[in-house]
Structures are given as structure tokens and as C-alpha cells.
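Following: one structure in C-alpha cells, then a few remarks.
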Amino acid sequence: MSALKRYTKPVDGTIPVPALLYQDEDLLASQDGVGIYDGSQKSPQHQSGSVHVSTLRLFYIDTSHPRSRSFALDLSHVCRTDYWAGLLRSSAKVTLYLNTLPSRSVTAGLANAPDSRQDAGDGFGVWVCEVCGNRNPPGLSPSASVVCGLCGVPRSAVPTVAASSTPTAQPKPRLAGETSHLSSSLPSSSHHLPLPAEPDPPSEIACPACTFLNHPSLSTCEICGTTLPRPAHPTARSAPPSRPTSDDEDDAADAADGPRMIKISFRKGGDKAFYAVVRRSLLDKAWEGPKPRRAPAPSSQEGTRAATPNTLARSGINGILQDVQTAAAATQTTMEDALQDLETLKVQAREMVRYAGELNERLTALSAAPHAAPGGAPVEPEEATFIRASLAQLGLQLPNAPVTLDMLTDERRWHEELARELAGVLQGAPRAAPAAGMMRRRGIVALDEVWGGWNRARGVALIPPATFLLVLPYLPQCTAPPVHARTFASGLAVLHTPPYTRAAFSARLGGLLTLVGPRTTVEVAYEEALPVGLVQEMLLEVEAVGEICRDEGEGKVDVFGGRGHEVHWCMNIFLSYVWDGQD
Amino acid sequence: MSAPTLAPRTTPSGYLLPSIHSAPPFFTQQPNPNTQAVVTEHWTKLILSYARHRRLFMLRVEDAEVAGNDWDEILRNEQIHRRLLPSHLEHIITDMVEKNRAVYEPARQTRSVLLYWRTPEEWAEVLHGWADATGQLNTILTFYEIIEPPVPSQLSGIPMTLLRKAISVLAKTSRAQIISVADGEGVRLLPGNSSR
């Protein structure tokens with residue numbers, strides 16, 4: 001019997017590999033252009049395909065017959081690997097040596113149809129934990145789905161599962177198969193395992209301290225945490241009497257079964273990288289236990305039960321409480337660290353401020369000294385020049401320093417100072433280049449843009465919007481031509497120069513409409529060289545006072561009954577109209 | 001394109017359309033309430049004047065929805081490719097009812113109106129004058145005889161509702177008396193002080 005048939009499960013290769021994975025399984029690497037050797041012989045049906053390795057399994061997807069010839073191999077079967085780099089026309093090969101399968105499981109697995117074995121092994125379907133009632137989702141790998149995701153109690157009351165503490169001796173597919181046979185009681189003909197001999201006595205264990213009847217798979221009391229009496233099996237490894245022990249495995253069978261190895265031949269390279277991934281995946285042994293995040297921090301009392309898997313150590317309410325405590329402790333530590341950092345930062349910041357003040361005083365004194373002694377040479381020490389230059393680079397140069405509240409005491413004066421600064425931003429400093437200033441070229445700017453631009457110019461000590469609005473009334477005094485604020489009906493606020501008051505714009509618009517007839521908003525915007533949205537607001541304002549009216553053109557008579565017509569603006573012809581039709 | 005080029009023109013039915021009917025904005029419902037008031041006023045005048053010209057008594061919102069009815073000449077202007085939208089017409093109709101220039105007919109709906117290009121009071125005078133001129137005072141007339149007289153009159157085709165209103169106006173001043181006759185209702189018009 002070939003190794004391929006015994007160890008692999010057929011998969012449907014037409015399904016993309018990521019869809020074949022369990023939820024807790026990750027795809028690690030893929031390589032195409034490979035062939036498979038069954039033992040030392042080429043397997044004729046598997047000569048052109050691709051291999052994919054995940055944390056749990058190795059997939060072979062056949063290129064020509066993906067549905068019938070693809071298979072998956074559980075990495076838990078692999079006990080050793082070998083790598084051969086290839087020579088001349090022989091391509092590189094990776095050899096996977098497989099451990100022995102228990103003979104009974106082999107026959108059982110073959111007696112079962114492969115599909116029933118897969119159904120059972122995959123553990124698909126939602127199942128409810130008997131202990132905590134948690135509904136476990138489907139799609140987890142066999143090893144993860146045998147324990148409850150919340151409380152960590154094994155899936156069924158059958159103590160068989162506790163034997164998962166010896167993963168290598170007890171291959172997984174068979175284990176999962178048994179579990180599901182017993183729990184779901186499939187009417188399977190191959191169900192030849194006798195039920196546990198003593199069904200009742202081990203089902204509930206009375207706690208010596210509080211007398212609570214505990215679930216048999218718990219090692220400590222669910223209520224008080226007392227260690228439960230387990231005279232025969234102190235580590236909860238209560239194997240059922242009927243369970244075949246691993247001693248059953250006889251190496252003699254191997255000879256009849258043929259070599260226990262599979263070779264992967266890499267015809268298109270990629271062998272080294274792939275081999276490294278397979279090695280890593282094998283070392284991780286992801287199939288042995290639950291994901292690391294589920295395992296609680298090892299406590300001292302667990303030392304005695306090193307062999308016990310984590311699933312048992314954290315089962316029951318104790319386990320849940322332990323998890324919560326660990327998480328809380330971690331959060332606490334992180335928070336304390338962060339707060340300590342903050343305190344340190346505060347202290348240092350205070351010193352920085354003090355140093356800066358001292359430095360500034362010293363520099364001022366130095367720069368004042370040459371003026372006091374005009375005859376003397378300007379002896380500014382090199383250090384001072386350097387520091388001054390650095391300050392300038394950092395944006396701390398005094399002439400440009402933004403006005404802040406602590407510079408001035410009076411709030412009104414502060415607003416005036418701010419208005420003067422804003423005027424500089426808008427219209428440029430008196431001696432600056434004409435292009436400088438946000439409103440040098442534009443007569444009307446939206447308020448939000450001004451606010452953003454001003455704060456960008458300040459860089460530090462940003463002005464809150466409320467203060468910004470308080471400054472605006474002082475702006476006309478500081479600007480030439482005066483800049484006023486205006487709010488449109490929609491709530492859009494703008495700053496504008498005199499040519500953009502409503503009256504001025506209205507007059508200009510009137511001239512345009514009289515001269516060239518109705519215009520659309522876009523055409524007016526083009527004429528004014530302003531944003532369309534802004535012009536729309538201005539037009540609505542003029543319309544509100546009744547100086548213009550609109551032609552929506554919705555009444556347009558066209559064959560399609562369409563209404564795709566832009567609004568045209570016209571002078572208000574109605575106000576001066578005198579009836580000239582029939583009475 | 002601009003305002004000065006607009007001019008009145010005559011329709012095939014011989015109605016002189018005002019120049020404003022050729023201005024595209026006239027067909028748009030203006031958001032500015034003041035402007036719209038002026039537009040509505042002009043439309044009301046146009047509708048009533050045209051109704052008088054064509055002796056039309058009813059106006060429906062549907063008339064603005066589909067072409068091919070009595071109102072096409074004023075609700076549409078093919079030359080500038082504009083038509084009055086039903087929503088706009090409904091607004092105008094509402095305004096007309098508020099100002100007693102029309103009344104919803106039938107009542108309790110807002111999509112069709114009876115136009116008052118003559119108010120019921122004016123119709124009452126017309127009726128009385130007609131009866132007086134044709135020498136039918138003091139005789140009993142059925143409504144049918146008034147609506148479809150052998151010799152066409154100003155009252156030919158007047159809606160029954162409007163006729164009843166006119167008669168009730170006359171009845172208030174004791175110039176008419178409603179009488180039940182064999183085949184429905186009749187009215188006896190009485191000579192009275194026609195100056196009031």
C-alpha cells in the first residue's frame with residue numbers, strides 16, 4: 001500500500017487553496033511545476049501540479065486534473081525531512097518521511113469512505129459546548145475544534161480527547177473521527193469502538209471542598225478551584241479502557257506497507273525557499289495545541305503538570321477568570337509605564353522652558369551691548385550667532401514670532417494685534433513683494449481658507465475659530481483696501497474687498513447680463529474669475545434682493561422631455577414690465 | 001436675446017400675447033417670493049384674459065402636463081422652447097383661488113378650477129341684462145334654456161355651477177326666484193333695481 005494513499009486525503013483542487021484552509025490555518029508558501037514521488041517511485045498521476053504549504057497541511061493541486069488528483073497531507077504525519085539539491089537533469093527534491101500510522105486507524109480509515117472520514121475530521125458545523133454553552137464556529141482545524149473556544153473544555157464528554165496530550169503517538173484524524181462518532185453518533189458501520197465501560201461514575205466528580213459535581217474533564221473545581229480527586233489519573237489523562245494504546249503500533253506492519261515517505265520534485269525551482277518554509281511549519285507544530293494567544297502565562301503551579309496541554313490547564317471558569325486577570329494586569333502595566341513617561345516628559349519640558357528663557361535673556365543682553373557702546377567693535381560671540389541662527393531655523397525668530405495672548409494683557413488689544421497680523425497674512429507686509437498675501441490677487445476668499453492659511457503662517461499657537469471670528473471686526477481698520485466679512489444665506493462666510501460687496505457685484509452683473517443676455521453660473525464665474533460655488537452664492541444673494549431672476553429652462557420643450565438645462569440668469573424683467581398683451 | 005427685443009405677437013386664434021410671454025424666465029417659478037408674486041400676477045392676467053378670449057371656463061393642472069388642449073397657446077411657447085410646468089401652474093392656481101379669481105371645481109381638490117374671468121356678481125348682471133334685453137323677465141326659464149338659448153348669447157355654455165352662483169346673487173337682491181319645474185329647476189327673473 002503506497003504512502004500516498006495511506007497518508008493523504010483527496011481535496012477538490014478546483015477550489016482555490018485559501019478557501020480550503022481552516023480558519024486558524026495560514027497559507028505560507030506556494031510553488032508550481034512540481035511532481036510527486038510515492039516512496040521512491042514517481043507517482044504517475046501526480047507529475048504536474050503545484051504545492052502549497054500551510055501551518056497545518058501540505059496541498060498538492062494537480063494542473064490537469066485538479067478535481068480528481070489533488071490531495072492534502074497533514075503535516076503532523078511528517079516526522080523528518082530531507083533535501084536534495086539535484087544533479088544535472090535530476091531536479092531538486094524534498095523528501096518527507098512519515099511516522100507510522102496506527103494499524104487500526106489505517107483499516108478504519110480505509111473501511112470508511114474517505115468522505116465520511118473527512119467530514120468527521122474537519123469538524124465542520126457549529127457545536128455548542130456542554131459546559132459553558134458557547135456556540136463554537138465551524139471552520140476551525142481538527143485540533144482547534146476539539147476544545148471549546150471560550151472555556152477550553154474538550155468538545156465531548158468522552159475522555160478520549162484528553163489523550164491529545166500525546167499528539168505524536170495518537171494521530172489526529174483518527175482522534176477527531178472518534179470524537180465525532182461518539183458525539184454526533186453517526187450511524188456509521190465502522191463504529192466498532194465500544195462505548196466507555198463505566199458511563200456514570202466518571203461523568204461527574206464531587207469536589208472535596210464544596211461538593212459541587214464537576215464535569216469529568218475538569219482538573220479543578222469549577223466553583224472553588226480546589227484540585228479534584230483523581231486517584232487513578234492525576235493529570236486528567238483518563239484514557240478510556242477501550243482506547244487502543246500506542247503500543248498497538250507494530251513496526252512489522254511497515255514492511256508490508258512499503259516505504260513511509262513522499263518526495264516532492266521541483267521542476268521549476270523554488271525548492272530552497274519552499275523547503276525552508278516547510279521546516280519552519282514543522283517546527284512550529286501548529287497542530288499540537290491552540291494558538292499561542294489562548295495560552296495563559298505559565299504559572300508556578302503548572303510546573304507539576306508540564307505535560308498537560310494548555311487546554312486542560314485553563315479549562316472551566318477558572319480558566320476564563322485567569323484569562324481576564326492576565327489581560328487586566330497587562331493593561332495596568334502598560335498604563336503605568338505610559339503615565340510614568342508622561343511625568344518625566346513634563347519635568348523635562350519645564351526645564352527646557354527655563355533654559356530657553358535664560359538663553360533669550362543672555363542673547364538680548366548681548367545684542368543690546370554694541371548699541372550701548374557705538375564706538376566698540378560689534379563683538380558678538382560666535383556661539384551667540386550660531387544659537388541665533390539655529391533659533392531662526394527652528395522658526396523662533398523674534399520678528400516673525402506670532403502674537404500670543406501672554407504677550408498682551410488686554411483682550412481688545414490682543415484682538416487688534418491679531419487683526420494686524422491677519423492683515424499681513426492677507427495683503428502681505430507693507431514692504432513684502434506684491435504677490436505675497438492671500439488676498440493680493442483675489443478680492444473674495446472663503447473664511448475657512450483664510451483661517452487655515454493664517455494658522456499655517458503662524459505655525460505655533462494656533463488661533464481657534466472662535467477667536468478668529470472675534471478678530472474679524474477689527475480687520476477693516478488694519479487693511480487697505482478694507483477687507484470686510486460677509487455671510488451668505490447658506491452660511492458660507494467670506495472675506496472680501498470693496499469690489500465684491502453685493503452692490504458692486506450686482507452692478508457689474510447687471511452690466512454683463514444687459515450686454516450679452518442670460519448667462520449661466522459657470523459663465524458668470526468665468527467672467528469674474530472666481531470659483532463656481534462662490535459665484536453661485538453671490539448670485540443667490542443678488543437674486544434674493546430681486547435684481548435678477550432665473551430661467552431654469554425646465555419647461556424646455558424637447559422630444560425627450562428631458563430637463564438637463566442649466567439655470568440661466570437674467571435681469572429681473574418683471575419689475576418694470578407693463579402689460580402689453582390683450583386685456 | 002435680451003429684454004428689448006421682446007414684442008407682443010398674435011396667436012392663430014387671434015389672441016394678442018404679451019411680450020413677456022416670449023421671455024424665458026416667465027416660465028420658471030422664481031425662488032424670490034417678491035419676484036414670483038409679480039410673475040404670478042402676470043400669469044393670472046394672461047390666463048383670465050385668454051379664457052375670456054376663448055370663452056374657456058375650466059383650467060386643469062393636467063393642461064400643463066400634456067399638449068393638445070385649449071391652453072397650448074399660452075401654457076407653451078414653442079418659439080423659445082419653454083412650457084409652464086404643472087407645479088408652477090398649481091402654484092398660480094392656488095394664488096388665483098386665494099384672490100377669488102377662480103374657485104376649485106369640483107370642490108375639495110386642487111387640480112382643476114372654474115375661472116372667474118367674470119365674477120358671479122358680474123355674471124348676475126349679464127344674466128339679468130340678457131333676460132331684460134330678450135324680454136324674458138317674469139317668465140320661468142329652465143337652466144337649460146339659459147345655457148343653450150336658441151339665439152347664442154354671452155351666457156351660452158356657462159357652467160351650471162357658475163349659473164347657480166349668479167342666480168343666487170340675483171335672488172339675494174330679490175331679482176330672481178328659483179322654482180321647481182317638472183324637469184328639474186327653473187328660475188323666474190324679476191325686474192328689480194338693476195343699478196345695484
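We label chains A, B, ... in the order they appear in the C-alpha cells, count residues from 1 in each chain, and number ligands from 1 in the order shown.
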
| said: Contacts from chain A to chain B, 12 Å maximum, only C-alpha atoms: show me the residue list as a VMD selection string. | reply: chain A and resid 510 to 519 540 to 559 561 563 565 567 to 583

| Filtered DSSP result for range 476-541 of chain A, state helix (DSSP H, G or I), as a count of residues only | 39

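Residues lying within 8 Å of Leu282 in chain A, counting only C-alpha atoms and ignoring same-chain neighbours fewer than 6 positions away, are Thr55, Leu75, Ser76 and Val78 of chain A.
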
Long-range neighbours of range 100-103 of chain B as a PDB file with N, CA and C atoms, in the first residue's frame, 6 Å cut-off, only C-alpha atoms, 3 positions minimum in chain:
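Written output follows (result_3.pdb):
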```pdb
ATOM      1  N   MET B  96     -54.702  82.168  -7.511  1.00  0.00           N
ATOM      2  CA  MET B  96     -55.933  82.692  -8.107  1.00  0.00           C
ATOM      3  C   MET B  96     -57.126  82.409  -7.214  1.00  0.00           C
ATOM      4  N   VAL B  97     -57.165  81.204  -6.632  1.00  0.00           N
ATOM      5  CA  VAL B  97     -58.282  80.864  -5.752  1.00  0.00           C
ATOM      6  C   VAL B  97     -58.262  81.766  -4.523  1.00  0.00           C
ATOM      7  N   VAL B 113     -59.845  74.194 -11.744  1.00  0.00           N
ATOM      8  CA  VAL B 113     -60.563  75.368 -11.236  1.00  0.00           C
ATOM      9  C   VAL B 113     -61.568  75.866 -12.278  1.00  0.00           C
ATOM     10  N   LEU B 114     -62.578  76.511 -11.748  1.00  0.00           N
ATOM     11  CA  LEU B 114     -63.527  77.264 -12.562  1.00  0.00           C
ATOM     12  C   LEU B 114     -63.044  78.706 -12.558  1.00  0.00           C
ATOM     13  N   LEU B 115     -62.792  79.247 -13.755  1.00  0.00           N
ATOM     14  CA  LEU B 115     -62.165  80.563 -13.827  1.00  0.00           C
ATOM     15  C   LEU B 115     -63.219  81.663 -13.717  1.00  0.00           C
ATOM     16  N   TYR B 116     -62.874  82.659 -12.947  1.00  0.00           N
ATOM     17  CA  TYR B 116     -63.781  83.814 -12.781  1.00  0.00           C
ATOM     18  C   TYR B 116     -63.285  84.947 -13.660  1.00  0.00           C
TER      19      TYR B 116
END
```
